[in-house]
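To be precise, the following lines are run_34.cif, and they hold mmCIF, C-alpha atoms and all ligand atoms.
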data_start
#
loop_
_atom_site.label_atom_id
_atom_site.label_comp_id
_atom_site.auth_asym_id
_atom_site.auth_seq_id
_atom_site.Cartn_x
_atom_site.Cartn_y
_atom_site.Cartn_z
CA MET V 63 0.00 0.00 0.00
CA THR V 64 1.26 3.51 -0.75
CA ALA V 65 0.04 6.97 0.22
CA ALA V 66 -1.21 7.32 -3.35
CA ASP V 67 -3.74 4.56 -2.85
CA PRO V 68 -6.87 6.73 -2.89
CA ALA V 69 -9.30 3.92 -2.12
CA THR V 70 -7.45 2.93 1.06
CA ALA V 71 -7.08 6.56 2.11
CA ARG V 72 -10.82 7.12 1.58
CA ARG V 73 -11.77 4.02 3.54
CA LEU V 74 -9.51 4.93 6.49
CA ARG V 75 -10.69 8.55 6.37
CA GLN V 76 -14.34 7.57 6.49
CA ALA V 77 -13.69 5.18 9.36
CA MET V 78 -11.94 7.96 11.30
CA ALA V 79 -14.81 10.38 10.63
CA GLU V 80 -17.31 7.82 11.92
CA THR V 81 -15.19 7.11 14.99
CA ILE V 82 -14.74 10.71 16.11
CA THR V 83 -18.17 12.13 15.21
CA GLU V 84 -21.66 11.29 16.37
CA SER V 85 -24.23 10.65 13.68
CA GLY V 86 -25.65 13.98 12.47
CA ASP V 87 -22.53 15.93 13.42
CA PRO V 88 -22.22 18.87 10.99
CA TRP V 89 -18.49 18.16 10.59
CA ARG V 90 -18.70 14.41 9.80
CA LEU V 91 -18.76 14.93 6.03
CA ALA V 92 -15.79 17.30 6.09
CA PHE V 93 -13.67 14.81 8.10
CA ALA V 94 -14.80 12.00 5.76
CA GLU V 95 -13.92 13.91 2.59
CA VAL V 96 -10.92 16.19 3.26
CA PRO V 97 -7.74 14.17 2.56
CA ARG V 98 -5.57 14.75 5.65
CA HIS V 99 -2.68 12.83 4.05
CA LEU V 100 -2.29 15.45 1.31
CA PHE V 101 -1.60 18.07 4.02
CA VAL V 102 0.79 15.83 5.94
CA PRO V 103 3.12 14.09 3.46
CA THR V 104 5.66 13.74 6.29
CA PHE V 105 5.32 13.75 10.05
CA TRP V 106 7.78 13.22 12.88
CA LYS V 107 7.57 10.54 15.50
CA GLN V 108 9.75 9.87 18.54
CA ASN V 109 11.31 6.41 18.71
CA ASP V 110 12.05 4.46 21.92
CA LYS V 111 15.19 6.57 22.47
CA ARG V 112 13.08 9.76 22.13
CA THR V 113 14.83 10.63 18.86
CA TRP V 114 12.58 12.16 16.20
CA GLU V 115 12.24 10.18 12.98
CA PRO V 116 10.42 11.23 9.83
CA ILE V 117 7.54 9.07 8.62
CA ASN V 118 7.01 9.70 4.93
CA ALA V 119 4.09 8.97 2.66
CA GLY V 120 4.49 5.40 1.49
CA ALA V 121 6.13 4.15 4.69
CA PRO V 122 4.42 1.08 6.21
CA GLY V 123 1.53 2.21 8.41
CA TYR V 124 1.72 5.83 7.22
CA LEU V 125 -1.92 6.08 6.12
CA GLU V 126 -3.15 4.28 9.24
CA GLU V 127 -1.35 6.84 11.44
CA ILE V 128 -2.62 9.75 9.35
CA TYR V 129 -6.22 8.55 9.73
CA SER V 130 -6.04 7.78 13.44
CA ASP V 131 -7.18 10.16 16.13
CA GLN V 132 -3.80 11.59 17.02
CA ALA V 133 -1.87 14.81 16.72
CA LEU V 134 1.12 14.51 14.39
CA THR V 135 4.21 16.69 14.65
CA THR V 136 5.01 18.28 11.30
CA GLN V 137 7.80 20.74 12.11
CA LEU V 138 10.74 20.71 14.53
CA ASP V 139 13.13 23.44 15.55
CA GLY V 140 16.14 22.25 17.53
CA GLY V 141 14.27 19.09 18.50
CA GLU V 142 11.22 21.02 19.74
CA PRO V 143 7.88 20.70 17.88
CA THR V 144 6.87 24.05 16.37
CA SER V 145 3.95 22.90 14.22
CA SER V 146 1.63 19.93 14.11
CA THR V 147 -1.69 18.78 12.79
CA SER V 148 -3.87 18.62 15.89
CA GLN V 149 -5.72 15.55 17.16
CA PRO V 150 -8.83 15.24 14.94
CA SER V 151 -11.24 14.80 17.89
CA VAL V 152 -9.84 17.98 19.47
CA MET V 153 -10.22 19.80 16.13
CA LEU V 154 -13.82 18.55 16.00
CA THR V 155 -14.53 19.83 19.52
CA MET V 156 -13.09 23.22 18.63
CA LEU V 157 -15.04 23.44 15.37
CA ASN V 158 -18.29 22.49 17.09
CA THR V 159 -17.55 24.95 19.90
CA LEU V 160 -17.17 27.63 17.23
CA ASP V 161 -20.80 27.01 16.20
CA ILE V 162 -20.41 28.08 12.59
CA HIS V 163 -23.36 29.04 10.39
CA ASP V 164 -23.53 29.30 6.59
CA GLY V 165 -22.17 32.53 5.17
CA GLN V 166 -20.10 33.46 8.23
CA ARG V 167 -16.63 34.92 7.85
CA VAL V 168 -13.96 33.05 9.79
CA LEU V 169 -10.39 33.86 10.79
CA GLU V 170 -8.10 30.98 11.73
CA ILE V 171 -4.89 31.73 13.64
CA GLY V 172 -2.27 29.00 13.08
CA THR V 173 -2.56 27.68 9.53
CA GLY V 174 0.02 24.93 10.17
CA THR V 175 -0.49 22.21 7.57
CA GLY V 176 -3.69 23.79 6.22
CA TYR V 177 -5.81 20.75 7.16
CA ASN V 178 -8.10 22.62 9.57
CA ALA V 179 -8.39 25.41 6.99
CA ALA V 180 -9.47 22.80 4.44
CA LEU V 181 -12.15 21.48 6.82
CA LEU V 182 -13.42 25.04 7.28
CA CYS V 183 -13.42 25.63 3.50
CA HIS V 184 -15.31 22.36 2.98
CA ARG V 185 -18.00 23.50 5.41
CA LEU V 186 -18.18 27.21 4.52
CA GLY V 187 -16.73 27.72 1.05
CA ASP V 188 -13.27 29.20 0.68
CA ARG V 189 -14.33 32.84 0.19
CA HIS V 190 -15.31 32.90 3.85
CA LEU V 191 -11.99 31.90 5.36
CA ALA V 192 -8.82 33.82 6.12
CA THR V 193 -5.99 31.92 7.79
CA ILE V 194 -2.66 33.18 9.12
CA ASP V 195 0.54 31.58 10.38
CA VAL V 196 3.70 33.25 11.61
CA ASP V 197 5.95 30.90 9.62
CA PRO V 198 6.33 31.68 5.89
CA GLU V 199 7.55 28.16 5.09
CA LEU V 200 4.37 26.72 6.58
CA THR V 201 2.01 29.15 4.86
CA GLY V 202 3.74 28.53 1.51
CA LEU V 203 3.31 24.76 1.80
CA ALA V 204 -0.20 25.01 3.24
CA GLU V 205 -1.43 27.34 0.51
CA ALA V 206 -0.02 25.07 -2.21
CA ARG V 207 -1.63 21.99 -0.65
CA LEU V 208 -4.94 23.78 -0.12
CA ASN V 209 -4.96 24.83 -3.76
CA GLN V 210 -4.05 21.29 -4.92
CA SER V 211 -7.00 20.01 -2.90
CA GLY V 212 -9.31 22.53 -4.53
CA TYR V 213 -9.52 25.11 -1.70
CA ARG V 214 -8.54 28.75 -2.09
CA PRO V 215 -8.90 30.57 1.22
CA ALA V 216 -6.96 33.79 1.85
CA VAL V 217 -3.65 32.69 3.42
CA TYR V 218 -1.52 35.26 5.26
CA THR V 219 1.90 35.18 6.87
CA GLY V 220 2.39 37.16 10.06
CA ASP V 221 1.70 37.29 13.75
CA GLY V 222 -1.89 36.14 14.22
CA ALA V 223 -2.13 38.24 17.40
CA ALA V 224 -2.53 41.23 15.07
CA GLY V 225 -5.38 39.47 13.24
CA VAL V 226 -5.97 40.21 9.57
CA PRO V 227 -7.43 43.75 9.57
CA GLN V 228 -7.72 43.91 5.78
CA ARG V 229 -10.28 41.05 5.87
CA ALA V 230 -12.25 42.18 8.96
CA SER V 231 -14.83 41.89 10.22
CA PHE V 232 -15.08 38.25 11.32
CA ASP V 233 -18.04 36.34 12.74
CA ARG V 234 -15.83 33.61 14.12
CA ILE V 235 -12.16 33.55 15.22
CA ILE V 236 -10.43 30.26 16.02
CA ALA V 237 -6.86 29.97 17.28
CA THR V 238 -4.93 26.72 17.03
CA CYS V 239 -1.95 27.92 19.06
CA ARG V 240 -1.97 28.73 22.78
CA LEU V 241 -2.18 32.32 23.94
CA SER V 242 -1.85 33.99 27.33
CA SER V 243 -4.86 36.24 26.75
CA VAL V 244 -7.08 37.50 23.92
CA PRO V 245 -5.30 40.00 21.66
CA ARG V 246 -7.09 43.34 21.49
CA ALA V 247 -6.88 43.33 17.67
CA TRP V 248 -9.27 40.35 17.56
CA LEU V 249 -11.94 42.31 19.42
CA GLU V 250 -11.48 45.21 17.02
CA GLN V 251 -11.85 42.85 14.04
CA ALA V 252 -14.79 40.89 15.46
CA ALA V 253 -18.35 41.57 14.29
CA ASP V 254 -20.91 42.23 17.02
CA GLY V 255 -21.87 38.85 18.53
CA ALA V 256 -18.78 37.13 17.12
CA VAL V 257 -17.48 33.99 18.80
CA ILE V 258 -13.81 33.45 19.63
CA VAL V 259 -12.45 29.97 20.43
CA VAL V 260 -8.92 30.10 21.77
CA PRO V 261 -6.61 27.92 23.87
CA ILE V 262 -5.66 29.98 26.95
CA GLY V 263 -3.22 28.25 29.27
CA TRP V 264 -4.19 24.56 29.36
CA GLY V 265 -7.87 25.28 28.68
CA LEU V 266 -10.09 26.09 25.73
CA ALA V 267 -12.00 29.36 26.10
CA ARG V 268 -15.12 30.32 24.14
CA LEU V 269 -16.02 34.00 24.24
CA THR V 270 -18.77 36.10 22.70
CA VAL V 271 -17.80 39.63 21.63
CA HIS V 272 -19.87 42.78 21.94
CA GLY V 273 -17.87 45.90 21.07
CA GLN V 274 -14.71 45.99 23.17
CA HIS V 275 -16.17 43.56 25.70
CA ALA V 276 -16.04 39.78 25.50
CA GLU V 277 -17.11 37.19 28.00
CA GLY V 278 -17.25 33.42 28.08
CA SER V 279 -16.21 30.25 29.77
CA PHE V 280 -13.74 27.44 29.53
CA GLN V 281 -14.81 24.13 28.00
CA ALA V 282 -14.85 20.94 30.05
CA GLY V 283 -12.05 19.12 28.20
CA GLY V 284 -8.36 19.92 28.45
CA VAL V 285 -6.21 20.97 25.50
CA GLN V 286 -2.46 21.24 25.08
CA PHE V 287 -1.47 23.48 22.20
CA MET V 288 1.94 24.81 21.26
CA PRO V 289 2.39 28.44 22.30
CA ARG V 290 2.06 31.42 20.03
CA ARG V 291 5.45 32.25 18.56
CA PRO V 292 6.61 35.86 18.10
CA ALA V 293 7.20 37.08 14.56
CA PRO V 294 10.77 36.16 13.45
CA ALA V 295 12.13 39.72 13.60
CA ALA V 296 11.30 39.90 17.30
CA ALA V 297 12.11 36.31 18.15
CA GLY V 298 14.22 35.74 21.22
CA THR V 299 13.59 34.10 24.53
CA ALA V 300 12.56 36.03 27.58
CA ASP V 301 15.57 36.18 29.87
CA PRO V 302 14.55 35.08 33.34
CA MET V 303 16.38 37.35 35.75
CA PHE V 304 17.28 34.74 38.34
CA GLY V 305 20.33 36.88 39.19
CA GLU V 306 17.98 39.40 40.80
CA LEU V 307 17.02 36.80 43.35
CA SER V 308 20.45 36.92 45.03
CA THR V 309 19.31 40.05 46.93
CA ALA V 310 15.72 38.85 47.52
CA THR V 311 14.72 38.04 51.10
CA PRO V 312 14.10 34.29 51.40
CA SER V 313 10.86 32.94 52.83
CA ASN V 314 9.61 29.45 53.51
CA THR V 315 6.83 27.59 51.77
CA GLU V 316 4.69 24.70 52.93
CA LEU V 317 3.78 23.92 49.33
CA PRO V 318 5.73 20.83 48.17
CA VAL V 319 7.94 21.98 45.32
CA ALA V 320 8.24 18.78 43.27
CA ASN V 321 5.85 18.63 40.30
CA VAL V 322 3.92 21.66 41.54
CA LEU V 323 3.37 22.92 38.00
CA ASP V 324 1.93 19.56 36.96
CA ARG V 325 -0.16 19.08 40.10
CA LEU V 326 -1.81 22.49 39.78
CA GLY V 327 -1.58 22.46 35.95
CA PHE V 328 -4.77 24.04 34.61
CA PRO V 329 -5.51 26.69 37.28
CA LEU V 330 -1.84 27.70 37.42
CA SER V 331 -1.73 28.08 33.63
CA LEU V 332 -4.41 30.78 34.10
CA ALA V 333 -3.26 32.33 37.38
CA LEU V 334 0.34 32.61 36.13
CA GLY V 335 -0.69 33.45 32.56
CA GLY V 336 2.12 33.07 30.03
CA TYR V 337 4.58 31.63 32.59
CA SER V 338 7.75 29.76 31.73
CA SER V 339 9.53 27.38 34.06
CA CYS V 340 12.75 25.47 34.55
CA THR V 341 14.24 23.05 37.04
CA TRP V 342 17.63 22.56 38.63
CA THR V 343 18.77 19.04 39.45
CA SER V 344 21.78 17.70 41.30
CA ASP V 345 24.59 16.55 39.00
CA ALA V 346 25.51 13.91 41.56
CA THR V 347 22.10 12.36 42.30
CA GLY V 348 19.81 13.70 39.56
CA GLU V 349 17.37 14.79 42.27
CA LEU V 350 15.36 17.98 41.99
CA GLU V 351 17.06 20.93 43.69
CA ALA V 352 14.76 23.78 42.74
CA ILE V 353 12.21 25.04 40.27
CA GLY V 354 12.13 28.47 38.67
CA ILE V 355 9.12 30.35 37.28
CA TRP V 356 8.97 33.62 35.37
CA THR V 357 6.23 35.62 33.66
CA PRO V 358 6.32 38.12 30.80
CA ASP V 359 6.03 41.11 33.17
CA GLY V 360 9.51 40.35 34.59
CA SER V 361 8.40 38.57 37.76
CA VAL V 362 10.57 35.65 38.80
CA ALA V 363 10.59 33.06 41.60
CA ARG V 364 12.84 30.21 42.63
CA ALA V 365 11.71 27.56 45.10
CA GLU V 366 14.24 25.11 46.57
CA SER V 367 13.11 21.59 47.31
CA ASP V 368 13.79 22.31 51.02
CA GLY V 369 11.02 24.95 50.90
CA THR V 370 13.17 28.11 50.63
CA VAL V 371 11.63 30.60 48.20
CA ARG V 372 12.99 33.79 46.67
CA GLN V 373 10.84 36.10 44.53
CA ALA V 374 11.41 39.35 42.66
CA GLY V 375 9.57 41.62 40.21
CA PRO V 376 6.09 43.08 40.13
CA ARG V 377 4.30 39.87 41.15
CA GLN V 378 4.98 37.34 43.88
CA LEU V 379 4.63 34.28 41.67
CA TRP V 380 5.12 31.71 44.38
CA ARG V 381 2.48 33.38 46.53
CA THR V 382 0.05 32.96 43.61
CA ALA V 383 0.95 29.26 43.43
CA GLU V 384 0.25 28.99 47.19
CA GLU V 385 -3.11 30.76 46.78
CA VAL V 386 -4.10 28.40 43.97
CA HIS V 387 -3.09 25.42 46.09
CA ALA V 388 -5.07 26.77 49.08
CA LEU V 389 -8.17 27.04 46.85
CA PHE V 390 -8.00 23.74 45.02
CA GLY V 391 -5.47 21.52 46.80
CA ASP V 392 -3.98 18.98 44.44
CA ALA V 393 -7.39 17.96 43.06
CA PRO V 394 -7.91 19.60 39.68
CA PRO V 395 -11.03 21.83 39.60
CA ASN V 396 -13.55 21.47 36.75
CA ARG V 397 -12.44 23.53 33.80
CA ASP V 398 -15.96 24.61 32.93
CA ASP V 399 -16.25 26.32 36.33
CA PHE V 400 -13.83 28.95 35.00
CA GLY V 401 -14.81 31.98 32.95
CA LEU V 402 -13.08 34.83 31.22
CA THR V 403 -14.00 38.52 30.96
CA VAL V 404 -12.23 40.81 28.51
CA THR V 405 -12.67 44.58 28.49
CA ALA V 406 -10.73 47.33 26.75
CA ASP V 407 -8.57 47.70 29.89
CA SER V 408 -8.12 44.25 31.37
CA GLN V 409 -8.64 40.52 31.08
CA CYS V 410 -9.59 38.37 34.03
CA VAL V 411 -10.16 34.65 34.45
CA TRP V 412 -12.45 33.74 37.32
CA PHE V 413 -13.67 30.70 39.20
CA LYS V 414 -17.46 30.14 39.27
CA THR V 415 -18.47 33.84 39.06
CA PRO V 416 -16.76 37.06 37.93
CA ASP V 417 -16.79 38.13 41.63
CA GLY V 418 -15.20 34.87 42.78
CA PRO V 419 -11.46 34.16 42.94
CA HIS V 420 -9.97 35.79 39.86
CA TRP V 421 -6.62 36.39 38.20
CA ARG V 422 -5.56 39.01 35.73
CA LEU V 423 -4.13 37.68 32.46
CA PRO V 424 -1.03 39.27 30.95
CA ASP V 425 -1.63 41.53 28.00
CA GLU V 426 -0.84 39.46 24.87
CA ASN V 427 -0.18 42.78 23.13
CA SER V 428 2.73 43.52 25.45
CA LEU V 429 4.40 40.21 24.59
CA PRO V 430 6.88 40.20 21.68
CA THR V 431 5.15 40.78 18.34
C1 LIG M 1 -1.11 23.14 16.27
S1 LIG M 1 -0.38 24.01 14.96
C2 LIG M 1 -1.73 24.41 13.91
C3 LIG M 1 -2.44 23.30 13.27
C4 LIG M 1 -3.19 23.72 12.03
N1 LIG M 1 -4.39 24.46 12.32
C5 LIG M 1 -3.44 22.54 11.14
O1 LIG M 1 -4.58 22.24 10.84
O2 LIG M 1 -2.46 21.91 10.73
C6 LIG M 1 -0.06 25.63 15.65
C7 LIG M 1 0.39 26.62 14.63
O3 LIG M 1 0.37 27.91 15.20
C8 LIG M 1 1.34 28.64 14.51
N2 LIG M 1 1.67 29.87 15.23
C9 LIG M 1 2.48 30.01 16.31
N3 LIG M 1 2.58 31.31 16.65
C10 LIG M 1 1.80 32.00 15.78
C11 LIG M 1 1.51 33.37 15.62
N4 LIG M 1 2.06 34.31 16.42
N5 LIG M 1 0.68 33.73 14.61
C12 LIG M 1 0.14 32.80 13.79
N6 LIG M 1 0.40 31.48 13.89
C13 LIG M 1 1.22 31.09 14.87
C14 LIG M 1 2.51 27.68 14.42
O4 LIG M 1 3.43 28.08 13.43
C15 LIG M 1 1.79 26.39 14.12
O5 LIG M 1 1.77 26.14 12.74
#
As structure tokens:
Amino acid sequence: MTAADPATARRLRQAMAETITESGDPWRLAFAEVPRHLFVPTFWKQNDKRTWEPINAGAPGYLEEIYSDQALTTQLDGGEPTSSTSQPSVMLTMLNTLDIHDGQRVLEIGTGTGYNAALLCHRLGDRHLATIDVDPELTGLAEARLNQSGYRPAVYTGDGAAGVPQRASFDRIIATCRLSSVPRAWLEQAADGAVIVVPIGWGLARLTVHGQHAEGSFQAGGVQFMPRRPAPAAAGTADPMFGELSTATPSNTELPVANVLDRLGFPLSLALGGYSSCTWTSDATGELEAIGIWTPDGSVARAESDGTVRQAGPRQLWRTAEEVHALFGDAPPNRDDFGLTVTADSQCVWFKTPDGPHWRLPDENSLPT
């Protein structure tokens, strides 16, 4: 069997569509008809030694992997995945959450392979879709593959946080990369009543826009998307200023340090919006010595495994971790108990009600663009 075996591809594709959708799902036909393999001629898979290996069209099992319900890595940079085609059932959830109607104008942030754009074109017609990715290599390949498959949406290269003003306004905006908050440009380019579906932290938020105000909630299921990348000209990693901590007054924490970011995963991804982290381990024993956290506003914290904590910058990041732990313990709260309110001045995530425990999200516009 080769990737060019259209009958096998069609059979596997239809089986996948029937597996991931319920009967009557408005996206079943698109998943059954759009040829995912044409958008993913090669993907990368880690072997037992965690080394990435390419799987090319024609390799044994290639079509079976393409038409299984899994995310496939399609681009690596220094061994780190920078683009993928998402898990089809997650794509389906996002598309259904978007609640698209005929004739609506849609903006997709994160073109990637172009497969999701093709599904949207199949459902809406290509005149209604604009899609943007920060990586020119990806948009070039995606546009060519979309055209070969008979779809001609408007494909743009640039930072999706700025939206696509020349095509505004949009009735629906869907992001397939993770953001720390909702970029203001999207609100400006959204039609009244528009719906935005966007991964924020480790959750999927659905907001409805009215003017410069948007409000919504997080969906029940978890999602793990790769983060928004800055445009190449501004690329560069935030430099955590751990040096500043040498003059910080140490305090003690009762919160066990090991795996704290995993244990409190979802709520911390909101409360410490846009955070990065690292660990220090002993050369001799390999045991954890400390973890470090920093956020885009220049706040930084280091917690030793013996409970000593040092913090610096505008926010006391470890104190936020302690507050989140005091609220939820190690038991993860329900994601759909969280909501999100966006105004022209601020963005807040909240638990249960806007007046309940809440955390301000960093301004995505102040991150590198
Ligand atoms: C999970 S992949 C997208 C999958 C894609 N929708 C598909 O169907 O193949 C995430 C994509 O977001 C893109 N991305 C990251 N930062 C971005 C940004 N600032 N603006 C637009 N796209 C961005 C990445 O280049 C990557 O292709």
As a quick test: using all atoms listed in the file, which residues lie no more than 8 Å away from ligand LIG 1 (chain M)? Give them as number ranges by chain. V: 101, 144-148, 170-179, 194-197, 200, 219-223, 237-240, 287-293, 431
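CA of Arg422 (chain V) lies 20.3 Å from CA of Gly273 (chain V).
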Find the spatial neighbours of Pro395 (chain V), counting only C-alpha atoms, within a cut-off of 8 Å - ignore same-chain residues fewer than 4 positions away - and output them as a list of chain:residue names. V:Pro329, V:Phe390, V:Asp399
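Checking V:Ser151, V:Val271, V:Leu307, V:Leu125 one by one against Glu80 (chain V), counting all atoms listed in the file, you find the shortest gap at V:Ser151.
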Show me, as a list of chain:residue names, the residues that have an atom within 10 Å of Asp407 (chain V) when counting all atoms listed in the file, minus same-chain residues fewer than 5 positions from it. V:Arg246, V:Gln274, V:His275, V:Asp425
So which residues touch Phe93 (chain V) within 9 Å, counting only C-alpha atoms, skipping near sequence neighbours fewer than 6 positions away, as a ChimeraX atom specification? /V:75-76,78-80,83,150,154,181
If we count only C-alpha atoms and set the cut-off at 8 Å, which residues sit around His99 (chain V), ignoring sequence neighbours fewer than 3 positions away in its own chain? Please answer as a list in words. Ala65, Ala71, Val102, Pro103, Ala119, Leu125, Ile128 and Tyr129 of chain V
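The smallest atom-to-atom distance between Arg377 (chain V) and any of V:Leu402, V:Ala333, V:Leu350, V:Leu138, using only C-alpha atoms, is found for V:Ala333.
In this model, the gap between CA of Val386 (chain V) and CA of Val259 (chain V) comes to 25.0 Å.
Between CA of Gln373 (chain V) and CA of Asp392 (chain V) there is a distance of 22.6 Å.
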